[in-house]
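Okay, structure first, notes after.
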Amino acid sequence: MPDELRHLAGVPVLVCDPDGPPVATEQDALDLIGAAFLGAEVVAVPASRLDENFFSLGSRFAGEIMQKFVNYRLRLAVVGDISRHLAASTALRALVHESNRAGHVWFVDDLDALEIRLRAAADPTTRPA
């Protein structure tokens with residue numbers, strides 16, 4: 001499936017193809033941001049497309065990518081199982097925890113979980129988990 005614009009909880013989301021090209025450079029992230037300008041507010045990237053350096057915080061790649069999305073006022077959702085990476089890094093666990101408490105970058109298991117997060121974000125009476 002190619003990347004496609006879907007509406008989850010009424011929010012336009014660019015859902016990236018799991019078999020698409022890897023996100024291994026800042027330019028790769030900028031390409032996704034450019035594609036999102038077709039009307040998306042959120043970019044849902046499968047964790048499997050992210051280069052291993054994304055999950056190694058010492059590389060600073062995750063921070064650079066996340067900052068790009070913030071600068072362009074787009075939300076980023078990393079979708080998929082990252083438990084292997086979390087088990088290997090206390091710092092990554094802390095980053096994921098803090099990111100999921102905020103509104104710009106989320107780490108979710110699947111698109112259903114993303115939709116739940118988007119619904120909760122639209123309801124001012126709820127707080128992120």
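Residue numbering restarts at 1 for every chain of the structure tokens, chains are lettered A, B, ... in their displayed order, and ligands are numbered from 1 as they appear.
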
Counting only C-alpha atoms, what is within 6 Å of Ala47 in chain A, bar same-chain residues fewer than 5 positions away, as number ranges by chain? A: 78-80

Quick one: residues within 10 Å of Val45 in chain A, only C-alpha atoms, excluding same-chain residues fewer than 3 positions away - as a JSON list (two decimals) with C-alpha atoms, in the first residue's frame?
[["chain", "number", "residue", "atom", "x", "y", "z"],
["A", 3, "ASP", "CA", 1.34, 6.19, 1.91],
["A", 14, "LEU", "CA", -0.63, 10.49, 6.64],
["A", 15, "VAL", "CA", -0.36, 6.74, 7.22],
["A", 16, "CYS", "CA", 2.99, 5.60, 5.86],
["A", 17, "ASP", "CA", 3.40, 2.33, 4.05],
["A", 18, "PRO", "CA", 5.25, -0.24, 6.19],
["A", 20, "GLY", "CA", 8.12, 2.18, 2.07],
["A", 22, "PRO", "CA", 13.53, 3.67, 5.37],
["A", 23, "VAL", "CA", 13.77, 6.90, 7.31],
["A", 29, "ALA", "CA", 12.04, 12.89, 7.37],
["A", 32, "LEU", "CA", 7.56, 12.74, 4.80],
["A", 42, "VAL", "CA", -0.16, 13.77, 11.88],
["A", 48, "SER", "CA", 10.09, -0.71, 11.16],
["A", 49, "ARG", "CA", 10.86, 2.10, 8.69],
["A", 50, "LEU", "CA", 12.97, 4.02, 11.19],
["A", 76, "LEU", "CA", 4.63, 12.38, 14.58],
["A", 77, "ALA", "CA", 3.35, 8.97, 15.58],
["A", 78, "VAL", "CA", 5.81, 6.08, 15.66],
["A", 79, "VAL", "CA", 3.59, 3.05, 15.13],
["A", 80, "GLY", "CA", 4.58, -0.48, 16.06],
["A", 107, "PHE", "CA", 4.78, 6.06, 20.31]]

A:Pro12, A:Pro21, A:Gly103, A:Gly63 ranked by distance to Phe37 in chain A, top pick (using only C-alpha atoms):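 Counting only C-alpha atoms, the residue closest to Phe37 in chain A is A:Pro12.
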
In terms of the shortest atom-to-atom distance over only C-alpha atoms, which of A:Asp123, A:Glu115, A:Asp31, A:Asp110 is closest to Asp81 in chain A?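 Of the candidates, the smallest distance to Asp81 in chain A is held by A:Asp110.
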
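Neighbours of Tyr72 in chain A closer than or equal to 12 Å, with only C-alpha atoms counted and sequence neighbours fewer than 6 positions away skipped, come out as Ala29, Leu30, Leu32, Ile33, Gly34, Ala36, Phe37, Ala40, Glu41, Val42, Val43, Ile65, Met66 and His104 of chain A.
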
Could you write out, as a ChimeraX atom specification, all the residues of chain A that DSSP marks as helix (DSSP H, G or I)? /A:26-36,47-49,52-55,57-59,61-71,83-88,90-101,111-122

Which of chain A fall in strand (DSSP E or B), as number ranges by chain: A: 4-8, 11-15, 23, 42-46, 50, 75-79, 105-108

Could you pull the residues within 12 Å of Arg84 in chain A, counting only C-alpha atoms, minus those fewer than 4 positions along the same chain, as a compact mmCIF listing (two decimals) with N, CA, C and O atoms, in the first residue's frame?
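Okay, this is what ended up in around_37.txt:
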# COMPACT_ATOMS: atom_id res chain seq x y z
N ALA A 47 7.36 1.89 12.92
CA ALA A 47 8.66 1.81 13.60
C ALA A 47 9.67 1.05 12.76
O ALA A 47 10.86 1.36 12.78
N SER A 48 9.19 0.10 11.99
CA SER A 48 10.09 -0.71 11.16
C SER A 48 10.77 0.10 10.06
O SER A 48 11.80 -0.33 9.54
N GLU A 52 17.86 2.16 12.67
CA GLU A 52 18.25 1.76 14.03
C GLU A 52 18.80 2.94 14.84
O GLU A 52 18.63 2.98 16.06
N PHE A 55 16.62 4.78 17.41
CA PHE A 55 16.40 4.21 18.73
C PHE A 55 17.65 4.23 19.60
O PHE A 55 17.61 3.83 20.76
N SER A 56 18.75 4.69 19.06
CA SER A 56 20.00 4.86 19.81
C SER A 56 20.16 6.35 20.07
O SER A 56 20.63 7.10 19.22
N GLY A 80 4.07 0.89 16.10
CA GLY A 80 4.58 -0.48 16.06
C GLY A 80 5.30 -0.86 17.34
O GLY A 80 5.46 -0.06 18.26
N ALA A 88 16.48 -2.30 25.81
CA ALA A 88 17.93 -2.05 25.75
C ALA A 88 18.33 -0.66 26.23
O ALA A 88 19.52 -0.40 26.37
N SER A 89 17.36 0.21 26.49
CA SER A 89 17.74 1.60 26.78
C SER A 89 16.81 2.28 27.78
O SER A 89 15.64 2.54 27.47
N THR A 90 17.34 2.58 28.94
CA THR A 90 16.58 3.34 29.94
C THR A 90 16.27 4.74 29.42
O THR A 90 15.17 5.26 29.63
N LEU A 92 15.81 5.68 26.31
CA LEU A 92 14.73 5.61 25.33
C LEU A 92 13.39 5.42 26.03
O LEU A 92 12.39 6.04 25.63
N ARG A 93 13.35 4.59 27.07
CA ARG A 93 12.10 4.41 27.81
C ARG A 93 11.63 5.75 28.37
O ARG A 93 10.44 6.07 28.32

For a quick check of understanding, using only C-alpha atoms, which of A:Val13, A:Glu26, A:Leu74, A:Phe69 has the smallest distance to Phe54 in chain A?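 Of all the options, A:Glu26 lies closest to Phe54 in chain A.
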
Between CA of Ala120 in chain A and CA of Glu98 in chain A, what is the spacing in Å?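 Between these atoms lies a distance of 16.6 Å.
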
Find the distance between CA of Pro2 in chain A and CA of Ala102 in chain A and write it in Å to one decimal. 28.9 Å
